[in-house]
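Text of the file entry11.cif, holding mmCIF, C-alpha atoms:
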data_input
loop_
_atom_site.label_atom_id
_atom_site.label_comp_id
_atom_site.auth_asym_id
_atom_site.auth_seq_id
_atom_site.Cartn_x
_atom_site.Cartn_y
_atom_site.Cartn_z
CA ASP A 1 -12.11 3.00 14.33
CA VAL A 2 -8.89 3.42 16.35
CA TYR A 3 -10.28 6.01 18.77
CA VAL A 4 -12.94 3.63 20.11
CA ARG A 5 -10.44 0.97 21.11
CA ASN A 6 -9.19 2.82 24.19
CA ASN A 7 -12.66 3.64 25.45
CA SER A 8 -15.55 1.56 24.19
CA LYS A 9 -18.15 3.46 26.22
CA LYS A 10 -18.96 5.74 23.35
CA SER A 11 -21.88 6.65 21.16
CA VAL A 12 -21.17 6.41 17.44
CA ALA A 13 -23.37 7.13 14.41
CA VAL A 14 -23.14 5.24 11.13
CA ILE A 15 -24.66 6.93 8.09
CA GLY A 16 -25.50 4.93 4.98
CA GLY A 17 -27.60 2.01 3.82
CA GLY A 18 -25.19 -0.22 1.93
CA ASP A 19 -22.85 -3.09 2.70
CA ALA A 20 -20.11 -0.71 3.86
CA ALA A 21 -22.42 0.73 6.54
CA VAL A 22 -23.36 -2.75 7.72
CA GLU A 23 -19.71 -3.78 7.95
CA ALA A 24 -18.93 -0.65 9.97
CA ILE A 25 -21.76 -1.44 12.41
CA PHE A 26 -20.57 -5.00 12.94
CA LEU A 27 -17.02 -3.75 13.49
CA LEU A 28 -18.13 -1.18 16.07
CA HIS A 29 -20.28 -3.80 17.78
CA LYS A 30 -17.31 -6.17 17.93
CA LEU A 31 -15.18 -3.40 19.45
CA GLY A 32 -17.75 -3.00 22.22
CA VAL A 33 -19.12 0.45 21.39
CA ASP A 34 -21.86 1.25 23.87
CA THR A 35 -24.45 2.74 21.46
CA ILE A 36 -24.52 2.69 17.66
CA HIS A 37 -26.98 4.92 15.80
CA TRP A 38 -27.70 3.71 12.26
CA ILE A 39 -29.07 6.56 10.13
CA HIS A 40 -30.32 6.05 6.59
CA ARG A 41 -32.25 8.35 4.29
CA SER A 42 -34.61 5.68 2.96
CA GLU A 43 -36.76 2.79 4.15
CA GLU A 44 -35.02 0.63 1.56
CA TYR A 45 -31.45 -0.58 1.93
CA ARG A 46 -28.81 -1.41 -0.64
CA ALA A 47 -27.34 -3.93 1.79
CA SER A 48 -28.74 -7.47 1.76
CA LEU A 49 -31.95 -7.98 3.74
CA LEU A 50 -30.34 -10.75 5.77
CA GLU A 51 -27.54 -8.44 6.94
CA VAL A 52 -30.01 -5.65 7.71
CA GLU A 53 -32.04 -8.00 9.91
CA ARG A 54 -28.89 -9.12 11.70
CA VAL A 55 -28.12 -5.48 12.49
CA ARG A 56 -31.64 -4.83 13.74
CA HIS A 57 -31.25 -7.65 16.25
CA LEU A 58 -28.13 -6.14 17.82
CA THR A 59 -29.08 -4.79 21.24
CA ASN A 60 -26.76 -1.77 21.08
CA VAL A 61 -27.97 -0.50 17.67
CA GLU A 62 -30.69 2.10 17.26
CA VAL A 63 -32.05 2.45 13.72
CA TRP A 64 -33.23 5.84 12.42
CA THR A 65 -34.93 5.73 9.03
CA PRO A 66 -35.79 7.60 6.92
CA TYR A 67 -33.67 10.42 8.35
CA VAL A 68 -30.85 12.66 7.16
CA VAL A 69 -28.27 14.71 9.06
CA VAL A 70 -28.82 18.46 8.83
CA GLU A 71 -26.36 19.71 11.43
CA TRP A 72 -23.05 18.68 12.97
CA MET A 73 -22.87 19.85 16.56
CA VAL A 74 -19.25 20.61 17.43
CA GLN A 75 -17.30 22.22 20.24
CA GLU A 76 -14.34 24.48 19.53
CA ASN A 77 -11.19 23.63 21.44
CA ASP A 78 -9.18 26.15 23.45
CA ASP A 79 -6.34 26.06 20.93
CA ALA A 80 -6.60 29.26 18.87
CA GLY A 81 -5.00 27.77 15.78
CA THR A 82 -3.92 29.66 12.68
CA ASP A 83 -5.27 30.38 9.21
CA ASN A 84 -3.25 27.51 7.74
CA ASN A 85 -3.82 25.21 10.71
CA PRO A 86 -7.21 25.94 12.32
CA ALA A 87 -8.01 24.67 15.79
CA PRO A 88 -9.52 21.16 15.81
CA LEU A 89 -13.20 20.71 16.58
CA THR A 90 -14.76 18.07 18.82
CA LEU A 91 -17.98 16.42 17.69
CA GLU A 92 -20.67 16.43 20.36
CA GLY A 93 -23.70 15.31 18.40
CA ILE A 94 -25.78 15.47 15.23
CA ARG A 95 -29.22 16.80 14.41
CA ILE A 96 -31.42 14.73 12.11
CA VAL A 97 -34.77 15.30 10.43
CA GLY A 98 -37.18 13.09 8.56
CA ALA A 99 -36.41 12.48 4.88
CA ARG A 100 -38.55 12.29 1.78
CA ASN A 101 -37.12 10.91 -1.47
CA GLY A 102 -33.69 10.81 0.11
CA VAL A 103 -33.51 14.46 1.17
CA ALA A 104 -34.66 16.45 4.19
CA ASP A 105 -38.42 16.78 4.27
CA SER A 106 -39.23 20.48 3.80
CA GLU A 107 -42.49 19.97 5.68
CA ALA A 108 -40.83 18.41 8.74
CA THR A 109 -41.82 20.36 11.85
CA SER A 110 -39.33 18.88 14.31
CA SER A 111 -35.86 17.40 14.51
CA LEU A 112 -33.95 15.03 16.76
CA THR A 113 -30.60 15.68 18.43
CA ILE A 114 -28.40 12.63 18.95
CA PRO A 115 -25.34 12.99 21.20
CA CYS A 116 -22.41 11.08 19.75
CA ASP A 117 -18.62 10.94 19.94
CA GLY A 118 -17.98 9.99 16.33
CA VAL A 119 -19.57 9.39 12.94
CA PHE A 120 -18.82 6.87 10.20
CA LEU A 121 -19.88 8.32 6.83
CA MET A 122 -20.49 5.17 4.79
CA ILE A 123 -22.40 6.79 1.93
CA GLY A 124 -20.09 5.81 -0.90
CA SER A 125 -17.27 7.60 -2.68
CA THR A 126 -16.11 8.40 -6.19
CA PRO A 127 -12.70 7.03 -7.24
CA ASN A 128 -10.21 9.74 -8.18
CA SER A 129 -9.81 8.57 -11.78
CA GLU A 130 -11.40 11.44 -13.69
CA TRP A 131 -8.00 12.87 -14.64
CA LEU A 132 -7.29 9.62 -16.53
CA GLN A 133 -10.45 9.67 -18.66
CA ALA A 134 -8.59 10.76 -21.81
CA SER A 135 -5.40 8.79 -21.15
CA GLY A 136 -6.40 5.60 -22.91
CA ILE A 137 -6.53 3.62 -19.66
CA ASP A 138 -9.68 1.51 -19.46
CA ILE A 139 -12.01 2.79 -16.72
CA ASP A 140 -15.33 1.26 -15.76
CA PRO A 141 -18.04 3.75 -16.83
CA ILE A 142 -20.27 2.96 -13.85
CA SER A 143 -17.91 2.58 -10.90
CA ASN A 144 -15.11 4.79 -12.31
CA LEU A 145 -12.64 2.14 -11.14
CA ILE A 146 -9.57 1.44 -13.23
CA ASP A 147 -9.82 -1.90 -15.05
CA LEU A 148 -6.83 -4.17 -14.51
CA THR A 149 -5.64 -6.20 -17.47
CA SER A 150 -3.12 -8.90 -16.64
CA PHE A 151 -0.63 -9.19 -19.49
CA ILE A 152 0.15 -12.85 -20.05
CA ASP A 153 2.91 -14.51 -22.05
CA GLY A 154 2.57 -13.56 -25.67
CA ALA A 155 -0.05 -10.88 -25.04
CA ALA A 156 2.51 -8.09 -25.11
CA SER A 157 6.22 -7.81 -25.80
CA ASP A 158 9.16 -5.47 -25.58
CA SER A 159 10.10 -2.84 -28.15
CA ASN A 160 11.65 -5.48 -30.41
CA GLY A 161 8.49 -7.57 -30.35
CA SER A 162 10.45 -10.70 -29.52
CA ASN A 163 10.41 -10.97 -25.73
CA PRO A 164 6.94 -11.71 -24.29
CA LEU A 165 6.03 -9.96 -21.09
CA PRO A 166 5.43 -12.00 -17.94
CA GLN A 167 2.10 -11.77 -16.14
CA PHE A 168 1.43 -8.64 -14.07
CA SER A 169 -1.63 -8.62 -11.82
CA THR A 170 -1.66 -4.80 -11.46
CA SER A 171 -1.37 -3.91 -15.15
CA THR A 172 -3.76 -1.45 -16.73
CA SER A 173 -4.79 -1.48 -20.37
CA ILE A 174 -1.69 0.56 -21.23
CA GLN A 175 1.53 -1.38 -21.17
CA GLY A 176 3.87 -0.06 -18.48
CA VAL A 177 1.15 1.67 -16.42
CA PHE A 178 0.14 -0.01 -13.18
CA ALA A 179 -2.57 0.75 -10.60
CA ALA A 180 -3.29 -0.23 -7.01
CA GLY A 181 -5.46 0.59 -4.02
CA GLU A 182 -9.07 1.69 -3.79
CA VAL A 183 -9.02 3.05 -7.34
CA VAL A 184 -9.13 -0.59 -8.52
CA ASP A 185 -10.86 -2.24 -5.55
CA ALA A 186 -14.65 -2.35 -5.27
CA ILE A 187 -14.82 -4.94 -2.49
CA TYR A 188 -12.30 -4.67 0.35
CA ARG A 189 -11.16 -1.01 0.34
CA GLN A 190 -9.03 -1.34 3.45
CA ALA A 191 -5.74 0.36 4.28
CA LEU A 192 -4.10 -3.05 4.71
CA THR A 193 -5.29 -4.40 1.35
CA GLY A 194 -4.35 -1.10 -0.30
CA ALA A 195 -0.82 -1.36 1.07
CA SER A 196 -0.64 -4.95 -0.16
CA ASP A 197 -1.79 -3.89 -3.63
CA GLY A 198 0.81 -1.12 -3.61
CA ALA A 199 3.54 -3.63 -2.84
CA LYS A 200 2.35 -5.83 -5.71
CA ALA A 201 2.32 -2.88 -8.10
CA ALA A 202 5.83 -1.85 -7.03
CA ILE A 203 7.12 -5.37 -7.68
CA ASP A 204 5.34 -5.45 -11.05
CA VAL A 205 6.92 -2.12 -12.02
CA GLN A 206 10.37 -3.37 -11.05
CA ARG A 207 9.92 -6.60 -13.01
CA TYR A 208 8.55 -4.71 -15.97
CA LEU A 209 11.52 -2.33 -16.04
CA ARG A 210 13.92 -5.24 -15.69
CA HIS A 211 12.14 -7.09 -18.48
CA MET A 212 12.38 -4.05 -20.73
CA GLY A 213 16.04 -3.52 -19.90
CA MET A 214 15.36 -0.21 -18.14
CA GLU A 215 15.98 -1.07 -14.47
CA ASP A 216 19.62 0.03 -14.57
CA ILE A 217 18.62 3.36 -16.08
CA VAL A 218 16.10 4.05 -13.31
CA SER A 219 18.56 2.94 -10.62
CA THR A 220 21.17 5.31 -12.04
CA ARG A 221 18.69 8.20 -12.02
CA ASN A 222 17.63 7.47 -8.43
CA SER A 223 21.22 7.19 -7.22
CA ARG A 224 22.10 10.48 -8.88
CA ALA A 225 19.06 12.16 -7.29
CA VAL A 226 20.15 10.98 -3.83
CA LYS A 227 23.67 12.30 -4.39
CA ASP A 228 22.24 15.63 -5.57
CA GLN A 229 20.16 15.91 -2.40
CA GLU A 230 23.19 15.20 -0.24
CA GLY A 231 25.06 17.96 -2.04
CA ASP A 232 22.20 20.43 -1.57
CA ILE A 233 21.49 20.49 -5.28
CA LYS A 234 17.85 21.44 -5.56
CA LYS A 235 17.24 20.53 -9.18
CA GLN A 236 16.98 16.83 -9.79
CA PRO A 237 17.15 15.19 -13.22
CA LYS A 238 13.87 13.93 -14.56
CA MET A 239 13.43 10.19 -14.66
CA PHE A 240 13.89 8.73 -18.14
CA THR A 241 15.73 11.90 -19.28
CA HIS A 242 19.40 11.54 -20.20
CA ASP A 243 21.90 13.61 -18.26
CA LYS A 244 23.88 15.99 -20.42
CA SER A 245 27.11 14.59 -19.00
CA GLU A 246 26.37 11.15 -20.43
CA LYS A 247 28.02 10.38 -23.70
CA ASP A 248 24.90 9.36 -25.48
CA ASP A 249 23.48 10.69 -28.69
CA THR A 250 19.94 9.69 -27.73
CA ALA A 251 17.64 12.70 -27.39
CA PRO A 252 16.04 13.34 -23.99
CA VAL A 253 12.53 12.05 -23.48
CA ASP A 254 10.10 14.30 -21.63
CA CYS A 255 6.44 13.43 -22.16
CA ASP A 256 3.24 12.38 -20.42
CA LEU A 257 3.82 8.85 -19.09
CA THR A 258 0.06 8.23 -18.91
CA LYS A 259 0.00 8.23 -22.72
CA ARG A 260 0.65 5.04 -24.67
CA ASP A 261 2.76 6.89 -27.28
CA CYS A 262 4.95 8.33 -24.54
CA ILE A 263 5.51 4.93 -22.94
CA ASN A 264 6.38 3.41 -26.31
CA LEU A 265 8.74 6.30 -26.99
CA VAL A 266 10.52 5.84 -23.66
CA VAL A 267 10.87 2.10 -24.24
CA SER A 268 12.17 2.46 -27.78
CA THR A 269 14.56 5.25 -26.82
CA HIS A 270 16.27 3.19 -24.15
#

Represent the structure contained in this file as structure tokens.
Amino acid sequence: DVYVRNNSKKSVAVIGGGDAAVEAIFLLHKLGVDTIHWIHRSEEYRASLLEVERVRHLTNVEVWTPYVVVEWMVQENDDAGTDNNPAPLTLEGIRIVGARNGVADSEATSSLTIPCDGVFLMIGSTPNSEWLQASGIDIDPISNLIDLTSFIDGAASDSNGSNPLPQFSTSTSIQGVFAAGEVVDAIYRQALTGASDGAKAAIDVQRYLRHMGMEDIVSTRNSRAVKDQEGDIKKQPKMFTHDKSEKDDTAPVDCDLTKRDCINLVVSTH
């Protein structure tokens, strides 16, 4: 939404029929966008009826339903670009056709062209959690969001089983693995709230490592990595792996930290 702040006299399309689309429309209206085109593939909305009616009463919103976008009309810029960095394109409009059962109607005989300066695709997204399906981390089967499990006093302990863990709001079902951002958030999904969650997770990780007596080990590894970079040493030691120069008979640990067994091994080793 940043590009509309400098020049509100724009035409913007919002695609989708859920709460996210409604929130985008209200935001664009608040920013003073001249014309907002709301395009949805069905006569029915996933957003609440009250919010849909509020949108319909906005004077700068035109509702197109049931329609789907079949073409993005763009203008190539003068910049030639390269294979790795192609020239940017400028959106000039979209072409929509009537929809049947959520897809373009094959029997539609005409289409509409809507000039617009930008488009908000509010049609939903799939959290990038598929790679964790076999990790043992609890993931909601419907939303694919990672389930957070706050460890409370007595619920989990260190490798000796005698020191209860404090509460961590970003803990997953595997002790020592934390998650933050949109992969755990089904409501807000904003950059600001994601950054806040990331800060919480970072603090939780630090407290967890301190609680497990591992913070000094990580600090030593990070300090050594910085010194290696300053000395133009390309190869950095892996975190949680003992340096050969250390006088320690403990064997190096190199395993998948998304696995519970690996986390337990790292904890018990150090």

Apply the PyMOL selection byres ((chain A and resi 180) around 7) to the displayed file and report the matching residues as a PyMOL selection string. chain A and resi 170+179+181-184+194+197-198+201

Let's have the selection written as a CSV table (one decimal), in the frame of the given file, with C-alpha atoms.
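Produced file result-v5.csv, reproduced below:
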chain,number,residue,atom,x,y,z
A,170,THR,CA,-1.7,-4.8,-11.5
A,179,ALA,CA,-2.6,0.8,-10.6
A,181,GLY,CA,-5.5,0.6,-4.0
A,182,GLU,CA,-9.1,1.7,-3.8
A,183,VAL,CA,-9.0,3.0,-7.3
A,184,VAL,CA,-9.1,-0.6,-8.5
A,194,GLY,CA,-4.4,-1.1,-0.3
A,197,ASP,CA,-1.8,-3.9,-3.6
A,198,GLY,CA,0.8,-1.1,-3.6
A,201,ALA,CA,2.3,-2.9,-8.1

For the provided coordinates, the residues matched by the PyMOL selection byres ((chain A and resi 20) around 10) should be stated as a list of chain:residue names. A:Val14, A:Ile15, A:Gly16, A:Gly17, A:Gly18, A:Asp19, A:Ala21, A:Val22, A:Glu23, A:Ala24, A:Ile25, A:Arg46, A:Ala47, A:Phe120, A:Leu121, A:Met122, A:Ile123, A:Gly124, A:Ile187, A:Tyr188, A:Arg189

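Minimum distance to A:His37 across A:Ala99, A:Ala108, A:Ile174, A:Val119 (counting only C-alpha atoms) occurs at A:Val119.
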
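Closest approach to A:Leu91 among A:Ala13, A:Leu132, A:Ile142, A:Cys262: A:Ala13, based on all atoms listed in the file.
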
How many Å lie between atom CA of A:Leu31 and atom CA of A:Lys10, rounded to one decimal?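 So the two atoms, atom CA of A:Leu31 and atom CA of A:Lys10, lie 10.6 Å apart.
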
Might you pull out every residue within 10 Å of A:Thr109, with all atoms listed in the file counted and same-chain residues fewer than 2 positions away left off, and present them as a ChimeraX atom specification? /A:97-98,105-107,111

Quick check, in Å to one decimal: how far apart do atom CA of A:Ser129 and atom CA of A:Gly102 lie?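 These two atoms are separated by 26.8 Å.
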
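Here the PyMOL selection byres ((chain A and resi 59) around 12) catches exactly these residues: Ile25, Phe26, His29, Gly32, Val33, Asp34, Thr35, Ile36, His37, Arg54, Val55, Arg56, His57, Leu58, Asn60, Val61, Glu62 and Val63 of chain A.
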
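Coordinates place atom CA of A:Thr113 at a distance of 16.0 Å from atom CA of A:Thr90.
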